[in-house]
Structure formats: C-alpha cells, structure tokens
file target_5.csv (CSV, C-alpha atoms)
chain,number,residue,atom,x,y,z
A,21,MET,CA,10.6,-5.0,21.9
A,22,THR,CA,13.7,-7.1,21.3
A,23,VAL,CA,12.7,-8.8,18.1
A,24,PRO,CA,15.5,-8.8,15.6
A,25,SER,CA,15.0,-6.5,12.8
A,26,SER,CA,15.3,-9.3,10.2
A,27,HIS,CA,12.0,-10.6,11.4
A,28,LEU,CA,10.4,-7.3,10.4
A,29,LEU,CA,12.1,-7.6,7.0
A,30,ILE,CA,10.6,-11.1,6.6
A,31,VAL,CA,7.1,-9.9,7.5
A,32,ALA,CA,7.6,-7.2,4.8
A,33,ALA,CA,8.7,-9.7,2.2
A,34,ILE,CA,5.6,-11.8,3.0
A,35,LEU,CA,3.3,-8.8,2.7
A,36,PHE,CA,5.0,-7.8,-0.6
A,37,SER,CA,4.6,-11.3,-2.1
A,38,ILE,CA,0.9,-11.3,-1.1
A,39,GLY,CA,0.5,-7.9,-2.8
A,40,VAL,CA,2.1,-9.2,-5.9
A,41,ALA,CA,0.0,-12.3,-6.0
A,42,GLY,CA,-3.2,-10.2,-5.6
A,43,PHE,CA,-2.0,-7.8,-8.3
A,44,PHE,CA,-1.7,-10.6,-10.8
A,45,LEU,CA,-4.7,-12.7,-9.7
A,46,ARG,CA,-7.5,-10.2,-9.2
A,47,ARG,CA,-9.5,-8.6,-12.0
A,48,ASN,CA,-11.3,-6.0,-9.9
A,49,VAL,CA,-9.5,-2.7,-10.4
A,50,ILE,CA,-10.2,-1.6,-6.8
A,51,VAL,CA,-8.8,-4.7,-5.3
A,52,VAL,CA,-5.7,-4.4,-7.6
A,53,LEU,CA,-5.2,-0.8,-6.2
A,54,MET,CA,-5.5,-2.2,-2.7
A,55,CYS,CA,-2.8,-4.7,-3.5
A,56,ILE,CA,-0.6,-1.9,-4.7
A,57,GLU,CA,-1.2,-0.2,-1.3
A,58,LEU,CA,-0.2,-3.4,0.4
A,59,MET,CA,3.1,-3.5,-1.6
A,60,LEU,CA,3.8,0.1,-0.7
A,61,ASN,CA,3.2,-0.7,3.0
A,62,ALA,CA,5.6,-3.6,2.7
A,63,ALA,CA,8.2,-1.2,1.3
A,64,ASN,CA,7.5,1.2,4.2
A,65,LEU,CA,8.1,-1.6,6.7
A,66,THR,CA,11.3,-2.4,5.0
A,67,PHE,CA,12.5,1.2,5.3
A,68,LEU,CA,11.6,1.3,8.9
A,69,ALA,CA,13.2,-2.1,9.7
A,70,ALA,CA,16.4,-0.9,8.0
A,71,SER,CA,16.3,2.3,10.0
A,72,ARG,CA,15.7,0.3,13.2
A,73,MET,CA,18.6,-2.0,12.4
A,74,HIS,CA,20.9,1.0,11.8
A,75,THR,CA,19.8,2.6,15.0
A,76,LEU,CA,19.9,-0.3,17.4
A,77,ASP,CA,22.4,-2.8,15.9
A,78,VAL,CA,24.9,-0.7,14.1
A,79,ALA,CA,25.1,2.9,15.3
A,80,GLY,CA,24.6,2.4,19.0
A,81,SER,CA,21.5,4.4,19.9
A,82,ARG,CA,21.9,7.2,17.5
A,83,PRO,CA,18.6,7.6,15.7
A,84,ASP,CA,18.7,6.8,11.9
A,85,LEU,CA,16.2,9.2,10.4
A,86,GLN,CA,16.4,8.3,6.7
A,87,GLY,CA,14.0,5.4,7.1
A,88,PRO,CA,11.2,7.4,8.7
A,89,ILE,CA,11.6,10.3,6.3
A,90,PHE,CA,11.3,8.1,3.3
A,91,ALA,CA,8.5,6.2,4.9
A,92,ILE,CA,6.6,9.5,5.1
A,93,PHE,CA,7.3,10.1,1.4
A,94,VAL,CA,6.0,6.7,0.6
A,95,ILE,CA,2.8,7.4,2.6
A,96,VAL,CA,2.3,10.6,0.6
A,97,ILE,CA,2.9,8.8,-2.7
A,98,ALA,CA,0.5,6.0,-1.7
A,99,ALA,CA,-2.2,8.7,-1.0
A,100,VAL,CA,-1.5,10.2,-4.4
A,101,GLU,CA,-1.6,6.9,-6.1
A,102,ALA,CA,-4.9,6.0,-4.5
A,103,ALA,CA,-6.5,9.3,-5.6
A,104,VAL,CA,-5.4,9.0,-9.2
A,105,GLY,CA,-6.2,5.3,-9.3
A,106,LEU,CA,-9.7,5.8,-8.0
A,107,ALA,CA,-10.3,8.7,-10.4
A,108,LEU,CA,-9.3,6.3,-13.2
A,109,VAL,CA,-11.7,3.7,-11.8
A,110,ILE,CA,-14.5,6.2,-11.9
A,111,ALA,CA,-13.6,7.2,-15.5
A,112,LEU,CA,-13.4,3.5,-16.5
A,113,TYR,CA,-16.8,2.8,-14.9
A,114,ARG,CA,-18.3,5.8,-16.7
A,115,ARG,CA,-17.2,4.5,-20.1
A,116,LYS,CA,-17.5,0.7,-19.6
A,117,GLN,CA,-20.0,0.3,-16.8
A,118,THR,CA,-17.7,-2.1,-15.1
A,119,VAL,CA,-14.5,-2.2,-12.9
A,120,SER,CA,-13.1,-5.4,-14.3
A,121,LEU,CA,-9.7,-5.1,-15.8
A,122,ASP,CA,-10.9,-7.5,-18.6
A,123,ALA,CA,-12.9,-4.5,-20.0
A,124,ALA,CA,-9.9,-2.2,-20.1
A,125,VAL,CA,-8.2,-3.8,-23.1
A,126,ASP,CA,-8.7,-1.1,-25.7
A,127,LEU,CA,-5.0,-0.4,-25.9
A,128,LYS,CA,-4.1,-4.1,-26.1
A,129,ASP,CA,-6.4,-5.0,-28.9
B,5,MET,CA,5.3,-9.4,26.2
B,6,ALA,CA,6.1,-6.8,23.5
B,7,ASN,CA,7.8,-9.6,21.4
B,8,ALA,CA,4.7,-11.8,21.7
B,9,LEU,CA,2.5,-8.8,20.6
B,10,PHE,CA,4.8,-8.2,17.6
B,11,TYR,CA,4.4,-11.8,16.4
B,12,LEU,CA,0.7,-11.8,17.0
B,13,MET,CA,0.3,-8.5,15.1
B,14,ALA,CA,2.5,-9.8,12.3
B,15,ALA,CA,0.4,-13.0,12.0
B,16,VAL,CA,-2.9,-11.0,11.9
B,17,CYS,CA,-1.4,-8.6,9.4
B,18,VAL,CA,-0.4,-11.4,7.0
B,19,LEU,CA,-3.8,-13.1,7.4
B,20,ALA,CA,-5.6,-9.9,6.7
B,21,ALA,CA,-3.4,-9.3,3.7
B,22,VAL,CA,-4.4,-12.8,2.4
B,23,GLY,CA,-8.0,-11.8,3.0
B,24,VAL,CA,-7.6,-8.7,0.8
B,25,VAL,CA,-6.6,-11.0,-2.1
B,26,PHE,CA,-9.1,-13.8,-1.6
B,27,LEU,CA,-12.2,-12.2,-0.3
B,28,ARG,CA,-15.0,-11.9,-2.9
B,29,SER,CA,-16.6,-8.6,-1.9
B,30,PRO,CA,-14.6,-5.4,-2.3
B,31,ILE,CA,-16.0,-4.1,1.0
B,32,ALA,CA,-14.6,-7.1,2.8
B,33,SER,CA,-11.3,-6.5,1.1
B,34,VAL,CA,-11.2,-2.9,2.3
B,35,LEU,CA,-12.0,-4.0,5.8
B,36,ALA,CA,-9.2,-6.7,5.7
B,37,LEU,CA,-6.8,-4.1,4.4
B,38,LEU,CA,-7.8,-1.8,7.2
B,39,THR,CA,-7.1,-4.6,9.7
B,40,SER,CA,-3.7,-5.1,8.1
B,41,PHE,CA,-2.9,-1.4,8.3
B,42,PHE,CA,-3.8,-1.2,12.0
B,43,CYS,CA,-1.6,-4.2,12.7
B,44,LEU,CA,1.2,-2.5,10.8
B,45,ALA,CA,0.7,0.6,12.8
B,46,THR,CA,1.1,-1.5,16.0
B,47,ILE,CA,4.3,-3.0,14.6
B,48,TYR,CA,5.6,0.5,13.9
B,49,LEU,CA,4.8,1.5,17.4
B,50,LEU,CA,6.5,-1.5,18.8
B,51,ALA,CA,9.6,-1.0,16.7
B,52,GLY,CA,10.0,2.6,18.0
B,53,PHE,CA,8.4,4.6,15.2
B,54,GLN,CA,5.7,6.6,17.0
B,55,PHE,CA,5.1,9.4,14.5
B,56,ILE,CA,5.0,7.0,11.5
B,57,ALA,CA,2.4,4.9,13.4
B,58,ALA,CA,0.3,7.9,13.9
B,59,ALA,CA,0.7,8.9,10.3
B,60,GLN,CA,-0.2,5.4,9.2
B,61,ILE,CA,-3.5,5.5,11.1
B,62,LEU,CA,-4.3,9.1,10.1
B,63,VAL,CA,-3.5,8.8,6.4
B,64,TYR,CA,-4.3,5.2,5.6
B,65,ALA,CA,-7.2,4.4,7.9
B,66,GLY,CA,-8.5,8.0,7.9
B,67,ALA,CA,-8.1,9.1,4.3
B,68,ILE,CA,-7.2,6.4,1.9
B,69,MET,CA,-9.5,3.7,3.1
B,70,VAL,CA,-12.4,6.2,3.3
B,71,LEU,CA,-11.6,7.1,-0.4
B,72,PHE,CA,-11.8,3.4,-1.3
B,73,LEU,CA,-15.0,2.9,0.5
B,74,PHE,CA,-16.5,6.0,-1.0
B,75,VAL,CA,-15.7,4.9,-4.5
B,76,ILE,CA,-17.1,1.4,-3.9
B,77,MET,CA,-20.3,2.9,-2.5
B,78,LEU,CA,-20.5,5.5,-5.3
B,79,LEU,CA,-20.2,2.9,-8.0
B,80,ASN,CA,-22.5,0.5,-6.1
B,81,LEU,CA,-20.0,-2.4,-6.2
B,82,ALA,CA,-20.6,-3.7,-2.7
B,83,HIS,CA,-22.4,-6.8,-3.9
B,84,PRO,CA,-20.6,-8.1,-6.9
B,85,PRO,CA,-22.4,-10.3,-9.4
B,86,LYS,CA,-22.1,-14.0,-8.8
B,87,LEU,CA,-19.1,-15.2,-10.8
B,88,GLU,CA,-18.8,-18.5,-12.4
B,89,ALA,CA,-16.8,-21.1,-10.5
B,90,PHE,CA,-13.0,-21.2,-11.0
B,91,THR,CA,-12.1,-23.4,-14.0
B,92,PHE,CA,-8.7,-24.8,-15.0
B,93,SER,CA,-8.9,-23.0,-18.4
B,94,PRO,CA,-5.6,-22.4,-20.1
B,95,ALA,CA,-5.8,-18.7,-19.4
B,96,ASN,CA,-6.5,-19.2,-15.7
B,97,VAL,CA,-3.7,-21.9,-15.4
B,98,ARG,CA,-1.3,-19.6,-17.2
B,99,ARG,CA,-2.1,-16.7,-14.9
B,100,GLY,CA,-2.0,-18.8,-11.8
B,101,THR,CA,1.3,-20.3,-12.6
B,102,PHE,CA,2.8,-16.9,-13.5
B,103,THR,CA,1.5,-15.5,-10.2
B,104,ILE,CA,2.9,-18.3,-8.1
B,105,VAL,CA,6.3,-18.2,-9.8
B,106,ILE,CA,6.6,-14.4,-9.5
B,107,SER,CA,5.4,-14.0,-5.9
B,108,ALA,CA,7.0,-17.1,-4.5
B,109,GLY,CA,10.3,-16.1,-6.3
B,110,LEU,CA,10.1,-12.6,-4.7
B,111,LEU,CA,9.4,-14.1,-1.3
B,112,ALA,CA,12.3,-16.5,-1.5
B,113,LEU,CA,14.6,-13.8,-2.7
B,114,GLY,CA,13.6,-11.6,0.2
B,115,VAL,CA,13.9,-14.3,2.8
B,116,VAL,CA,17.2,-15.6,1.5
B,117,ALA,CA,18.6,-12.1,1.4
B,118,VAL,CA,17.5,-11.4,5.0
B,119,LEU,CA,18.7,-14.7,6.4
B,120,SER,CA,22.0,-14.6,4.6
B,121,SER,CA,22.9,-11.2,6.0
B,122,SER,CA,24.5,-11.2,9.4
B,123,THR,CA,22.3,-9.4,11.8
B,124,ALA,CA,22.1,-9.5,15.5
B,125,ALA,CA,19.9,-12.3,16.8
B,126,VAL,CA,18.3,-10.0,19.3
B,127,ALA,CA,17.9,-6.3,18.9
B,128,ALA,CA,18.7,-3.9,21.6
B,129,GLU,CA,15.9,-2.1,23.4
B,130,MET,CA,14.9,1.0,21.6
B,131,PRO,CA,15.4,4.4,23.0
B,132,PRO,CA,12.4,5.5,25.1
B,133,ALA,CA,11.6,8.5,22.9
B,134,GLY,CA,11.4,6.2,19.8
B,135,ILE,CA,13.5,6.5,16.7
B,136,ASP,CA,11.5,9.1,14.9
B,137,ALA,CA,11.0,11.8,17.5
B,138,ILE,CA,9.8,14.9,15.8
B,139,ALA,CA,12.2,17.1,17.6
B,140,SER,CA,14.9,15.8,19.9
B,141,PRO,CA,17.4,17.8,21.9
B,142,ASN,CA,20.3,16.1,20.3
B,143,GLY,CA,20.9,15.9,16.6
B,144,PRO,CA,22.4,12.9,14.8
B,145,ASP,CA,25.8,14.4,15.1
B,146,GLY,CA,25.4,15.4,18.7
B,147,SER,CA,24.5,19.0,17.9
B,148,ALA,CA,21.4,20.6,19.3
B,149,GLY,CA,18.1,20.4,17.5
B,150,GLY,CA,17.8,17.0,15.9
B,151,GLY,CA,14.7,15.0,15.2
B,152,LEU,CA,12.6,14.2,12.2
B,153,ALA,CA,11.3,17.7,11.6
B,154,ASN,CA,14.7,19.2,11.5
B,155,GLU,CA,16.0,16.6,9.0
B,156,MET,CA,12.9,17.0,6.9
B,157,PHE,CA,13.2,20.7,6.5
B,158,SER,CA,17.0,20.9,6.1
B,159,ARG,CA,18.6,17.9,4.4
B,160,TYR,CA,15.4,16.6,2.7
B,161,LEU,CA,13.9,19.9,1.8
B,162,LEU,CA,14.1,19.3,-2.0
B,163,PRO,CA,12.3,15.9,-1.9
B,164,PHE,CA,9.7,17.6,0.5
B,165,GLU,CA,9.0,20.3,-2.0
B,166,ALA,CA,8.9,17.8,-4.9
B,167,VAL,CA,6.3,15.8,-3.0
B,168,SER,CA,4.3,19.0,-2.4
B,169,MET,CA,4.3,19.7,-6.1
B,170,LEU,CA,3.2,16.1,-6.7
B,171,LEU,CA,0.3,16.6,-4.4
B,172,LEU,CA,-0.8,19.8,-6.2
B,173,ALA,CA,-0.5,18.2,-9.6
B,174,THR,CA,-2.5,15.2,-8.3
B,175,ALA,CA,-5.3,17.4,-7.1
B,176,VAL,CA,-5.5,19.0,-10.6
B,177,ALA,CA,-5.2,15.7,-12.4
B,178,VAL,CA,-7.9,14.0,-10.3
B,179,VAL,CA,-10.3,16.8,-11.0
B,180,VAL,CA,-9.6,16.6,-14.7
B,181,LEU,CA,-10.0,12.8,-14.7
B,182,ALA,CA,-13.1,12.6,-12.8
B,183,LYS,CA,-15.0,15.5,-14.3
B,184,ARG,CA,-18.1,14.4,-16.0
B,185,ASN,CA,-18.4,16.3,-19.3
B,186,ARG,CA,-15.2,16.9,-21.1
B,187,PRO,CA,-15.4,18.9,-24.3
B,188,GLY,CA,-14.7,16.8,-27.4
B,189,MET,CA,-15.6,13.6,-25.7
B,190,LYS,CA,-19.0,11.9,-25.7
B,191,PRO,CA,-20.2,10.9,-22.3
B,192,ALA,CA,-21.2,7.3,-22.2
B,193,GLY,CA,-25.0,7.6,-21.8
B,194,PRO,CA,-27.3,4.9,-20.8
B,195,GLU,CA,-28.4,4.1,-24.3
B,196,GLN,CA,-24.8,3.4,-25.4
B,197,ALA,CA,-24.3,1.3,-22.3
B,198,SER,CA,-27.4,-0.8,-23.0
B,199,ALA,CA,-26.4,-1.1,-26.6
B,200,ARG,CA,-23.1,-2.4,-25.5
B,201,HIS,CA,-24.5,-4.9,-23.2
B,202,ALA,CA,-27.3,-6.1,-25.5
B,203,PRO,CA,-25.4,-8.8,-27.5

call {"tool": "encode", "arguments": {"input": "target_5.csv", "output": "structure tokens"}}
result
Amino acid sequence: MTVPSSHLLIVAAILFSIGVAGFFLRRNVIVVLMCIELMLNAANLTFLAASRMHTLDVAGSRPDLQGPIFAIFVIVIAAVEAAVGLALVIALYRRKQTVSLDAAVDLKD
Amino acid sequence: MANALFYLMAAVCVLAAVGVVFLRSPIASVLALLTSFFCLATIYLLAGFQFIAAAQILVYAGAIMVLFLFVIMLLNLAHPPKLEAFTFSPANVRRGTFTIVISAGLLALGVVAVLSSSTAAVAAEMPPAGIDAIASPNGPDGSAGGGLANEMFSRYLLPFEAVSMLLLATAVAVVVLAKRNRPGMKPAGPEQASARHAP
C-alpha cells in the first residue's frame, strides 16, 4: 500500500470526531462507552500512522516500534475501560432500573 | 489495488462509526462498531501492522464486543422503548450546538495539523515482514534480535508491568462493583423500583 500516512491520520481524526459527537449526543451509557472505544481506536490509528510515517518516510526501512507497542497498551486499556464501564452500567441499572445518563445525576443535584 | 482497498475500508469504517452514533438500538450500534473494528484491522494489515491487526480482532471483536453484547442481553436492552421525537427544546439545541462545535473543531484541528505538516505524497512500500514483526533477525540498531517482543520486554518492561497491575486491579474492581449484595448497602428491590416509577 502506497497511501501516504497523512491519509491514515485524517481517517483517525474523522473517527475521533465521530466518537466525540456520539459521546456528547447519546444518553445511553452503553453507546457512550462504545463511543469511547471509537476514540481509543482513533488514537491507536494515530499511533500506528505515526509509526508507519517514521518507518517509511523518515528512517528508511528501519521499523519504528514505539507506535505498535503503545497501540498494544491502548488496546489493553480499552479492554480495562470496557470491563469497568460495563460493571458500572450493571450497578447503575441495579439501582435505577435504567441505563440513561439522565438518571445518573445524583452527584450533580 | 491495495490503495483502493484502503480507501474502501476507510469509507466503510467511517460510515459504520456514524452508525454507532445514530442507530437507535444498542445491538445495531454494537454491530456497527464491530464492522468499524474489522475495517480498522484491515487498515492496520494494509499499513504493515500484522500483529496489531490480529490483536485488534482478538481483543476487540473477540472480547470487548462480546462483553458489550452480554451486558445488553443481560439487562434486556435490545429493544429500547420508543422515544419521543426530537424537538428543538433549549436543552437539545444547546447540547447539539456544543457537540457540533467541539467535534467539528477537533476535526478541523486534526486535518489542518496533518495537511500543514510536510509529509511525502506517496509512502514507500512497506517491508514485507511488516513493521511490527514479533521477532526480527535485526534489531532497530542493526544488532541481532529485534522485533516487537524484544522491545516490549526490555525497553518497555516497566509500562508492561504497570499494565499487568492495572489488569489485576481491574479484575478485583469489577468483581466488587458488580457484586450483588454489598454489606451496608440496601439492594434496590422491586418494591423500591416500582415506588420510584409510580409517580
């Protein structure tokens, strides 16, 4: 593939913006968590695009491994975030019988 | 051919991401997100990251999405109640404006930053082994024994161990959070729930 790495970065920016929009628009906690996953994936794509850029355009063909390594860490953190977030969803549902963020305003009021 | 596949996958990925946000049913959102993740894995593969593509499929499609589906099924949320139509109430307008400003601003920032940086118009062909080979005969400095695994367990050992501790702590925390009867806390029984919904 000879697509310039900047196109990967632009795809990542679009994905991140969609994730941000969903994070603010949706009231369903599960969909909000999915939007966070989307944003983490966009960050991953950015890491990998930067690594590819360093490998192919800057450093000859020497593999740049920082991008893939941090992408692995981001994947692990996404799994952790999903586990904790879904446990919170279950706890919220048990107390409020709903998964709407509009019900989780006890600390705000 | 590979370039065309990349643009196709990027388009499908973005469309599926839009679907995650705008589809009504959570199940449909999960399936859209799954589509998006598969397309992203293809993009990783095309860009020369074979191990990351495999990890993306295994961890996201195999584990995280199943977790989401499991919770949706467990809480019986597959068929959400019919919502009232969208209205231009002040709260909705405020939220929509805020969302558009924030996300469009971030998008513009990202695109401008990318376009204003000087990068090659066409990337070189990637090395056939990919960028993230687990073990490669030559290290980054030309020494023997490079590759992802070597880096991970030498230079990045401390973050690796920190992430393992994070996983352990998460396992404990999730058990504590999702446990049914905690001492000193009244479980929300059905009578309380019905009382709350009565008025």

call {"tool": "closest_residue", "arguments": {"input": "target_5.csv", "among": "A:Val49, A:Ala70, A:Leu29, A:Ile95", "to": "Ala111 of chain A", "atoms": "all atoms listed in the file"}}
result
A:Val49

call {"tool": "closest_residue", "arguments": {"input": "target_5.csv", "among": "A:Lys128, A:Asp122, A:Ala41, A:Leu28", "to": "chain B", "atoms": "all atoms listed in the file"}}
result
A:Ala41

call {"tool": "atom_distance", "arguments": {"input": "target_5.csv", "atom1": "atom CA of Val116 of chain B", "atom2": "atom CA of Ile30 of chain A"}}
result
9.5 Å

call {"tool": "closest_residue", "arguments": {"input": "target_5.csv", "among": "A:Ala33, A:Leu85, A:Val100, A:Val125", "to": "Leu112 of chain A", "atoms": "all atoms listed in the file"}}
result
A:Val125

call {"tool": "atom_distance", "arguments": {"input": "target_5.csv", "atom1": "atom CA of Val97 of chain B", "atom2": "atom CA of Phe36 of chain A"}}
result
22.2 Å

call {"tool": "decode", "arguments": {"input": "target_5.csv", "residues": "segment 36-64 of chain A", "atoms": "N, CA, C and O atoms", "output": "PDB file, in the first residue's frame"}}
result
ATOM      1  N   PHE A  36     -12.208  10.038  15.449  1.00  0.00           N
ATOM      2  CA  PHE A  36     -12.207  10.642  16.778  1.00  0.00           C
ATOM      3  C   PHE A  36     -13.338  11.653  16.907  1.00  0.00           C
ATOM      4  O   PHE A  36     -14.036  11.694  17.928  1.00  0.00           O
ATOM      5  N   SER A  37     -13.554  12.459  15.846  1.00  0.00           N
ATOM      6  CA  SER A  37     -14.623  13.457  15.919  1.00  0.00           C
ATOM      7  C   SER A  37     -15.984  12.788  16.025  1.00  0.00           C
ATOM      8  O   SER A  37     -16.855  13.256  16.770  1.00  0.00           O
ATOM      9  N   ILE A  38     -16.164  11.680  15.297  1.00  0.00           N
ATOM     10  CA  ILE A  38     -17.445  10.970  15.402  1.00  0.00           C
ATOM     11  C   ILE A  38     -17.629  10.444  16.825  1.00  0.00           C
ATOM     12  O   ILE A  38     -18.713  10.515  17.403  1.00  0.00           O
ATOM     13  N   GLY A  39     -16.540   9.926  17.400  1.00  0.00           N
ATOM     14  CA  GLY A  39     -16.623   9.439  18.776  1.00  0.00           C
ATOM     15  C   GLY A  39     -16.977  10.549  19.745  1.00  0.00           C
ATOM     16  O   GLY A  39     -17.818  10.363  20.636  1.00  0.00           O
ATOM     17  N   VAL A  40     -16.376  11.719  19.564  1.00  0.00           N
ATOM     18  CA  VAL A  40     -16.683  12.845  20.454  1.00  0.00           C
ATOM     19  C   VAL A  40     -18.142  13.246  20.311  1.00  0.00           C
ATOM     20  O   VAL A  40     -18.846  13.473  21.299  1.00  0.00           O
ATOM     21  N   ALA A  41     -18.606  13.298  19.047  1.00  0.00           N
ATOM     22  CA  ALA A  41     -20.002  13.687  18.822  1.00  0.00           C
ATOM     23  C   ALA A  41     -20.950  12.711  19.501  1.00  0.00           C
ATOM     24  O   ALA A  41     -21.904  13.116  20.176  1.00  0.00           O
ATOM     25  N   GLY A  42     -20.688  11.409  19.348  1.00  0.00           N
ATOM     26  CA  GLY A  42     -21.555  10.432  19.990  1.00  0.00           C
ATOM     27  C   GLY A  42     -21.493  10.509  21.497  1.00  0.00           C
ATOM     28  O   GLY A  42     -22.487  10.331  22.187  1.00  0.00           O
ATOM     29  N   PHE A  43     -20.300  10.796  22.014  1.00  0.00           N
ATOM     30  CA  PHE A  43     -20.128  10.900  23.468  1.00  0.00           C
ATOM     31  C   PHE A  43     -21.014  11.998  24.032  1.00  0.00           C
ATOM     32  O   PHE A  43     -21.602  11.858  25.099  1.00  0.00           O
ATOM     33  N   PHE A  44     -21.128  13.100  23.303  1.00  0.00           N
ATOM     34  CA  PHE A  44     -21.937  14.201  23.830  1.00  0.00           C
ATOM     35  C   PHE A  44     -23.408  14.055  23.477  1.00  0.00           C
ATOM     36  O   PHE A  44     -24.270  14.552  24.191  1.00  0.00           O
ATOM     37  N   LEU A  45     -23.717  13.390  22.360  1.00  0.00           N
ATOM     38  CA  LEU A  45     -25.103  13.356  21.900  1.00  0.00           C
ATOM     39  C   LEU A  45     -25.913  12.276  22.580  1.00  0.00           C
ATOM     40  O   LEU A  45     -27.067  12.497  22.929  1.00  0.00           O
ATOM     41  N   ARG A  46     -25.340  11.083  22.730  1.00  0.00           N
ATOM     42  CA  ARG A  46     -26.147   9.954  23.170  1.00  0.00           C
ATOM     43  C   ARG A  46     -26.326   9.958  24.676  1.00  0.00           C
ATOM     44  O   ARG A  46     -25.430  10.384  25.408  1.00  0.00           O
ATOM     45  N   ARG A  47     -27.486   9.453  25.135  1.00  0.00           N
ATOM     46  CA  ARG A  47     -27.759   9.369  26.568  1.00  0.00           C
ATOM     47  C   ARG A  47     -27.658   7.944  27.080  1.00  0.00           C
ATOM     48  O   ARG A  47     -27.758   7.729  28.275  1.00  0.00           O
ATOM     49  N   ASN A  48     -27.546   6.983  26.190  1.00  0.00           N
ATOM     50  CA  ASN A  48     -27.446   5.580  26.595  1.00  0.00           C
ATOM     51  C   ASN A  48     -26.002   5.302  27.015  1.00  0.00           C
ATOM     52  O   ASN A  48     -25.068   5.499  26.240  1.00  0.00           O
ATOM     53  N   VAL A  49     -25.819   4.840  28.265  1.00  0.00           N
ATOM     54  CA  VAL A  49     -24.457   4.688  28.772  1.00  0.00           C
ATOM     55  C   VAL A  49     -23.659   3.707  27.929  1.00  0.00           C
ATOM     56  O   VAL A  49     -22.461   3.905  27.691  1.00  0.00           O
ATOM     57  N   ILE A  50     -24.315   2.664  27.437  1.00  0.00           N
ATOM     58  CA  ILE A  50     -23.584   1.647  26.676  1.00  0.00           C
ATOM     59  C   ILE A  50     -23.077   2.244  25.362  1.00  0.00           C
ATOM     60  O   ILE A  50     -21.934   2.002  24.962  1.00  0.00           O
ATOM     61  N   VAL A  51     -23.909   3.065  24.723  1.00  0.00           N
ATOM     62  CA  VAL A  51     -23.460   3.683  23.476  1.00  0.00           C
ATOM     63  C   VAL A  51     -22.354   4.701  23.753  1.00  0.00           C
ATOM     64  O   VAL A  51     -21.414   4.844  22.966  1.00  0.00           O
ATOM     65  N   VAL A  52     -22.450   5.382  24.900  1.00  0.00           N
ATOM     66  CA  VAL A  52     -21.383   6.324  25.259  1.00  0.00           C
ATOM     67  C   VAL A  52     -20.061   5.572  25.437  1.00  0.00           C
ATOM     68  O   VAL A  52     -19.000   6.015  24.970  1.00  0.00           O
ATOM     69  N   LEU A  53     -20.122   4.393  26.072  1.00  0.00           N
ATOM     70  CA  LEU A  53     -18.906   3.583  26.216  1.00  0.00           C
ATOM     71  C   LEU A  53     -18.368   3.161  24.855  1.00  0.00           C
ATOM     72  O   LEU A  53     -17.152   3.146  24.620  1.00  0.00           O
ATOM     73  N   MET A  54     -19.287   2.822  23.939  1.00  0.00           N
ATOM     74  CA  MET A  54     -18.829   2.439  22.599  1.00  0.00           C
ATOM     75  C   MET A  54     -18.156   3.606  21.904  1.00  0.00           C
ATOM     76  O   MET A  54     -17.173   3.425  21.171  1.00  0.00           O
ATOM     77  N   CYS A  55     -18.660   4.814  22.139  1.00  0.00           N
ATOM     78  CA  CYS A  55     -18.022   5.977  21.519  1.00  0.00           C
ATOM     79  C   CYS A  55     -16.630   6.197  22.097  1.00  0.00           C
ATOM     80  O   CYS A  55     -15.714   6.628  21.382  1.00  0.00           O
ATOM     81  N   ILE A  56     -16.461   5.872  23.388  1.00  0.00           N
ATOM     82  CA  ILE A  56     -15.116   5.979  23.961  1.00  0.00           C
ATOM     83  C   ILE A  56     -14.186   4.965  23.298  1.00  0.00           C
ATOM     84  O   ILE A  56     -13.017   5.264  23.001  1.00  0.00           O
ATOM     85  N   GLU A  57     -14.715   3.754  23.044  1.00  0.00           N
ATOM     86  CA  GLU A  57     -13.907   2.756  22.336  1.00  0.00           C
ATOM     87  C   GLU A  57     -13.494   3.271  20.953  1.00  0.00           C
ATOM     88  O   GLU A  57     -12.362   3.065  20.505  1.00  0.00           O
ATOM     89  N   LEU A  58     -14.438   3.954  20.312  1.00  0.00           N
ATOM     90  CA  LEU A  58     -14.156   4.506  18.988  1.00  0.00           C
ATOM     91  C   LEU A  58     -13.018   5.521  19.068  1.00  0.00           C
ATOM     92  O   LEU A  58     -12.098   5.529  18.238  1.00  0.00           O
ATOM     93  N   MET A  59     -13.055   6.363  20.105  1.00  0.00           N
ATOM     94  CA  MET A  59     -11.999   7.371  20.251  1.00  0.00           C
ATOM     95  C   MET A  59     -10.658   6.707  20.536  1.00  0.00           C
ATOM     96  O   MET A  59      -9.618   7.137  20.012  1.00  0.00           O
ATOM     97  N   LEU A  60     -10.676   5.641  21.353  1.00  0.00           N
ATOM     98  CA  LEU A  60      -9.414   4.945  21.633  1.00  0.00           C
ATOM     99  C   LEU A  60      -8.860   4.310  20.368  1.00  0.00           C
ATOM    100  O   LEU A  60      -7.640   4.290  20.147  1.00  0.00           O
ATOM    101  N   ASN A  61      -9.750   3.809  19.514  1.00  0.00           N
ATOM    102  CA  ASN A  61      -9.289   3.236  18.254  1.00  0.00           C
ATOM    103  C   ASN A  61      -8.693   4.291  17.349  1.00  0.00           C
ATOM    104  O   ASN A  61      -7.723   4.025  16.641  1.00  0.00           O
ATOM    105  N   ALA A  62      -9.284   5.486  17.371  1.00  0.00           N
ATOM    106  CA  ALA A  62      -8.717   6.568  16.568  1.00  0.00           C
ATOM    107  C   ALA A  62      -7.320   6.913  17.073  1.00  0.00           C
ATOM    108  O   ALA A  62      -6.398   7.151  16.273  1.00  0.00           O
ATOM    109  N   ALA A  63      -7.146   6.908  18.394  1.00  0.00           N
ATOM    110  CA  ALA A  63      -5.816   7.168  18.948  1.00  0.00           C
ATOM    111  C   ALA A  63      -4.836   6.087  18.510  1.00  0.00           C
ATOM    112  O   ALA A  63      -3.681   6.370  18.158  1.00  0.00           O
ATOM    113  N   ASN A  64      -5.316   4.842  18.494  1.00  0.00           N
ATOM    114  CA  ASN A  64      -4.482   3.728  18.039  1.00  0.00           C
ATOM    115  C   ASN A  64      -4.033   3.925  16.604  1.00  0.00           C
ATOM    116  O   ASN A  64      -2.865   3.730  16.265  1.00  0.00           O
TER     117      ASN A  64
END
